[in-house]
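Okay, start_11.cif is below, mmCIF, C-alpha atoms and all ligand atoms; chains and numbers go by the auth columns:
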data_work
loop_
_atom_site.group_PDB
_atom_site.id
_atom_site.type_symbol
_atom_site.label_atom_id
_atom_site.label_comp_id
_atom_site.label_asym_id
_atom_site.label_seq_id
_atom_site.Cartn_x
_atom_site.Cartn_y
_atom_site.Cartn_z
_atom_site.B_iso_or_equiv
_atom_site.auth_seq_id
_atom_site.auth_asym_id
ATOM 1 C CA MET A 1 -69.901 9.462 29.819 0.00 1 A
ATOM 2 C CA ALA A 2 -73.488 9.186 30.909 0.00 2 A
ATOM 3 C CA ASP A 3 -75.404 12.294 30.171 0.00 3 A
ATOM 4 C CA PRO A 4 -78.925 12.434 31.623 0.00 4 A
ATOM 5 C CA ARG A 5 -80.009 14.791 28.882 0.00 5 A
ATOM 6 C CA ARG A 6 -79.268 12.195 26.267 0.00 6 A
ATOM 7 C CA ARG A 7 -81.726 9.546 25.458 0.00 7 A
ATOM 8 C CA PHE A 8 -81.768 6.692 23.098 0.00 8 A
ATOM 9 C CA ILE A 9 -84.069 6.734 20.157 0.00 9 A
ATOM 10 C CA ALA A 10 -85.885 3.454 20.150 0.00 10 A
ATOM 11 C CA GLY A 11 -85.849 1.749 16.818 0.00 11 A
ATOM 12 C CA ALA A 12 -83.487 4.247 15.251 0.00 12 A
ATOM 13 C CA THR A 13 -80.681 3.016 13.118 0.00 13 A
ATOM 14 C CA CYS A 14 -77.403 4.785 12.707 0.00 14 A
ATOM 15 C CA PRO A 15 -77.102 6.153 9.179 0.00 15 A
ATOM 16 C CA ALA A 16 -73.381 5.514 9.247 0.00 16 A
ATOM 17 C CA CYS A 17 -72.967 1.991 10.635 0.00 17 A
ATOM 18 C CA GLY A 18 -76.566 0.804 10.404 0.00 18 A
ATOM 19 C CA ALA A 19 -76.673 -0.475 13.977 0.00 19 A
ATOM 20 C CA LEU A 20 -80.016 -0.508 15.732 0.00 20 A
ATOM 21 C CA ASP A 21 -80.798 1.293 19.003 0.00 21 A
ATOM 22 C CA VAL A 22 -77.422 2.948 19.288 0.00 22 A
ATOM 23 C CA VAL A 23 -78.455 6.477 18.457 0.00 23 A
ATOM 24 C CA GLN A 24 -78.613 9.006 21.254 0.00 24 A
ATOM 25 C CA TRP A 25 -80.499 12.245 20.954 0.00 25 A
ATOM 26 C CA TRP A 26 -80.144 15.426 22.903 0.00 26 A
ATOM 27 C CA ARG A 27 -80.756 19.120 22.591 0.00 27 A
ATOM 28 C CA GLU A 28 -78.113 21.676 23.201 0.00 28 A
ATOM 29 C CA GLY A 29 -78.308 25.374 22.570 0.00 29 A
ATOM 30 C CA GLY A 30 -81.327 25.157 20.319 0.00 30 A
ATOM 31 C CA THR A 31 -79.767 22.446 18.248 0.00 31 A
ATOM 32 C CA GLU A 32 -80.704 18.806 18.224 0.00 32 A
ATOM 33 C CA TRP A 33 -77.893 16.338 18.046 0.00 33 A
ATOM 34 C CA MET A 34 -77.845 12.691 17.269 0.00 34 A
ATOM 35 C CA GLN A 35 -74.868 10.547 17.979 0.00 35 A
ATOM 36 C CA CYS A 36 -74.223 6.907 17.490 0.00 36 A
ATOM 37 C CA ILE A 37 -72.523 5.377 20.502 0.00 37 A
ATOM 38 C CA ARG A 38 -71.102 2.620 18.373 0.00 38 A
ATOM 39 C CA CYS A 39 -69.273 4.516 15.651 0.00 39 A
ATOM 40 C CA ASP A 40 -69.499 8.022 17.154 0.00 40 A
ATOM 41 C CA HIS A 41 -71.264 9.295 14.100 0.00 41 A
ATOM 42 C CA LEU A 42 -72.484 12.751 15.033 0.00 42 A
ATOM 43 C CA ARG A 43 -75.266 14.450 13.226 0.00 43 A
ATOM 44 C CA GLU A 44 -76.756 17.866 13.736 0.00 44 A
ATOM 45 C CA GLN A 45 -80.469 18.147 13.360 0.00 45 A
ATOM 46 C CA PRO A 46 -82.202 21.381 12.551 0.00 46 A
ATOM 47 C CA ASP A 47 -84.198 22.573 15.554 0.00 47 A
ATOM 48 C CA ALA A 48 -87.475 22.359 13.738 0.00 48 A
ATOM 49 C CA PRO A 49 -88.048 20.568 10.490 0.00 49 A
ATOM 50 C CA THR A 50 -88.318 23.474 8.143 0.00 50 A
ATOM 51 C CA LYS A 51 -90.166 23.021 4.984 0.00 51 A
ATOM 52 C CA GLU A 52 -88.730 24.347 1.828 0.00 52 A
ATOM 53 C CA PRO A 53 -90.230 27.799 1.507 0.00 53 A
ATOM 54 C CA ALA A 54 -92.619 28.053 -1.340 0.00 54 A
ATOM 55 C CA PRO A 55 -91.049 29.960 -4.180 0.00 55 A
ATOM 56 C CA ALA A 56 -92.414 33.433 -4.394 0.00 56 A
ATOM 57 C CA ARG A 57 -94.663 33.470 -7.356 0.00 57 A
ATOM 58 C CA PRO A 58 -94.508 36.740 -9.219 0.00 58 A
ATOM 59 C CA LEU A 59 -97.874 38.320 -9.520 0.00 59 A
ATOM 60 C CA THR A 60 -99.115 38.314 -12.990 0.00 60 A
ATOM 61 C CA ILE A 61 -100.673 41.577 -13.880 0.00 61 A
ATOM 62 C CA GLN A 62 -103.889 40.722 -15.548 0.00 62 A
ATOM 63 C CA ASP A 63 -105.492 42.916 -18.058 0.00 63 A
ATOM 64 C CA PRO A 64 -108.511 44.293 -16.196 0.00 64 A
ATOM 65 C CA ALA A 65 -110.428 44.426 -19.447 0.00 65 A
ATOM 66 C CA LYS A 66 -110.426 40.638 -19.402 0.00 66 A
ATOM 67 C CA PHE A 67 -112.633 40.558 -16.333 0.00 67 A
ATOM 68 C CA ARG A 68 -115.020 43.230 -17.441 0.00 68 A
ATOM 69 C CA ARG A 69 -118.309 41.996 -18.627 0.00 69 A
HETATM 70 ZN ZN ZN B . -73.042 4.214 13.990 0.00 101 B
#
In C-alpha cells, what does this structure look like?
Ligand SMILES: [Zn+2]
Amino acid sequence: MADPRRRFIAGATCPACGALDVVQWWREGGTEWMQCIRCDHLREQPDAPTKEPAPARPLTIQDPAKFRR
C-alpha cells in the first residue's frame, strides 16, 4: 500500500522494534502519524509540540507600605 503522502523519516528508529529507517510519517486530519512498516507500530503525534503550560502563579498581594519610601 504505497501512499504518496507518507514518507520515511531518515535515521528514525522504531520505538517498538528498534529497526532503523522503517518509520513512515504522514499527516491526516491535523494529526501526525508515525508507523513502522516492519512491526506496524502506529503512533499518533500531536500536531504541534505543545509545551507544558506554565502553571498560573497566583499573584501575591504585596503590602503597598513595603514599597513606600
Ligand atoms: Zn517497528
Subject >> Selected residue of minimal separation from A:Ala19 among A:Pro58, A:Arg7, A:Lys66, A:Gln35, counting only C-alpha atoms >> reply: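 The shortest atom-to-atom distance to A:Ala19 comes from A:Gln35.
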Original post:
What gap, in Å, lies between atom CA of A:Ile9 and atom CA of A:Gly30?
Top reply: 18.6 Å
Original post:
Rounded to one decimal in Å, what is the spacing between atom CA of A:Glu28 and atom CA of A:Gly11?
Top reply: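 We find that atom CA of A:Glu28 and atom CA of A:Gly11 lie 22.3 Å from each other.
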**OP:** Select the residues contacting ligand ZN 101 (chain B) at a distance of at most 10 Å, based on all atoms listed in the file, then format the selection as number ranges by chain.
**Re:** A: 13-23, 35-42
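Put simply, atom CA of A:Trp33 is 29.2 Å away from atom CA of A:Pro55.
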Please reconstruct the missing atoms of stretch 13-36 of chain A (target: N, CA and C atoms) and return them as an mmCIF file, in the coordinates of the input.
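Saved result, part_19.cif, follows:
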data_model
loop_
_atom_site.group_PDB
_atom_site.id
_atom_site.type_symbol
_atom_site.label_atom_id
_atom_site.label_comp_id
_atom_site.auth_asym_id
_atom_site.auth_seq_id
_atom_site.Cartn_x
_atom_site.Cartn_y
_atom_site.Cartn_z
ATOM 1 N N THR A 13 -81.909 3.623 13.598
ATOM 2 C CA THR A 13 -80.681 3.016 13.118
ATOM 3 C C THR A 13 -79.693 4.118 12.777
ATOM 4 N N CYS A 14 -78.439 3.818 13.022
ATOM 5 C CA CYS A 14 -77.403 4.785 12.707
ATOM 6 C C CYS A 14 -77.222 4.839 11.193
ATOM 7 N N PRO A 15 -77.253 6.043 10.630
ATOM 8 C CA PRO A 15 -77.102 6.153 9.179
ATOM 9 C C PRO A 15 -75.694 5.792 8.710
ATOM 10 N N ALA A 16 -74.767 5.785 9.639
ATOM 11 C CA ALA A 16 -73.381 5.514 9.247
ATOM 12 C C ALA A 16 -73.043 4.032 9.321
ATOM 13 N N CYS A 17 -73.356 3.396 10.474
ATOM 14 C CA CYS A 17 -72.967 1.991 10.635
ATOM 15 C C CYS A 17 -74.160 1.055 10.558
ATOM 16 N N GLY A 18 -75.382 1.627 10.591
ATOM 17 C CA GLY A 18 -76.566 0.804 10.404
ATOM 18 C C GLY A 18 -76.973 0.004 11.628
ATOM 19 N N ALA A 19 -76.324 0.249 12.762
ATOM 20 C CA ALA A 19 -76.673 -0.475 13.977
ATOM 21 C C ALA A 19 -77.991 0.039 14.532
ATOM 22 N N LEU A 20 -78.705 -0.852 15.203
ATOM 23 C CA LEU A 20 -80.016 -0.508 15.732
ATOM 24 C C LEU A 20 -79.917 -0.140 17.209
ATOM 25 N N ASP A 21 -80.710 0.862 17.605
ATOM 26 C CA ASP A 21 -80.798 1.293 19.003
ATOM 27 C C ASP A 21 -79.448 1.738 19.569
ATOM 28 N N VAL A 22 -78.696 2.433 18.791
ATOM 29 C CA VAL A 22 -77.422 2.948 19.288
ATOM 30 C C VAL A 22 -77.358 4.464 19.161
ATOM 31 N N VAL A 23 -78.468 5.046 18.718
ATOM 32 C CA VAL A 23 -78.455 6.477 18.457
ATOM 33 C C VAL A 23 -78.986 7.224 19.662
ATOM 34 N N GLN A 24 -78.188 8.156 20.154
ATOM 35 C CA GLN A 24 -78.613 9.006 21.254
ATOM 36 C C GLN A 24 -79.024 10.360 20.710
ATOM 37 N N TRP A 25 -79.976 10.943 21.360
ATOM 38 C CA TRP A 25 -80.499 12.245 20.954
ATOM 39 C C TRP A 25 -80.433 13.194 22.121
ATOM 40 N N TRP A 26 -80.058 14.400 21.865
ATOM 41 C CA TRP A 26 -80.144 15.426 22.903
ATOM 42 C C TRP A 26 -80.210 16.794 22.262
ATOM 43 N N ARG A 27 -80.626 17.759 23.076
ATOM 44 C CA ARG A 27 -80.756 19.120 22.591
ATOM 45 C C ARG A 27 -79.754 20.010 23.331
ATOM 46 N N GLU A 28 -79.114 20.815 22.584
ATOM 47 C CA GLU A 28 -78.113 21.676 23.201
ATOM 48 C C GLU A 28 -78.067 22.995 22.450
ATOM 49 N N GLY A 29 -78.398 24.052 23.163
ATOM 50 C CA GLY A 29 -78.308 25.374 22.570
ATOM 51 C C GLY A 29 -79.198 25.559 21.349
ATOM 52 N N GLY A 30 -80.398 24.994 21.427
ATOM 53 C CA GLY A 30 -81.327 25.157 20.319
ATOM 54 C C GLY A 30 -81.041 24.245 19.142
ATOM 55 N N THR A 31 -80.084 23.367 19.325
ATOM 56 C CA THR A 31 -79.767 22.446 18.248
ATOM 57 C C THR A 31 -79.976 21.020 18.733
ATOM 58 N N GLU A 32 -80.523 20.205 17.875
ATOM 59 C CA GLU A 32 -80.704 18.806 18.224
ATOM 60 C C GLU A 32 -79.552 18.002 17.640
ATOM 61 N N TRP A 33 -79.005 17.158 18.478
ATOM 62 C CA TRP A 33 -77.893 16.338 18.046
ATOM 63 C C TRP A 33 -78.261 14.870 18.120
ATOM 64 N N MET A 34 -77.683 14.132 17.231
ATOM 65 C CA MET A 34 -77.845 12.691 17.269
ATOM 66 C C MET A 34 -76.459 12.084 17.134
ATOM 67 N N GLN A 35 -76.174 11.172 18.050
ATOM 68 C CA GLN A 35 -74.868 10.547 17.979
ATOM 69 C C GLN A 35 -74.991 9.055 18.180
ATOM 70 N N CYS A 36 -74.279 8.355 17.373
ATOM 71 C CA CYS A 36 -74.223 6.907 17.490
ATOM 72 C C CYS A 36 -73.144 6.559 18.507
#
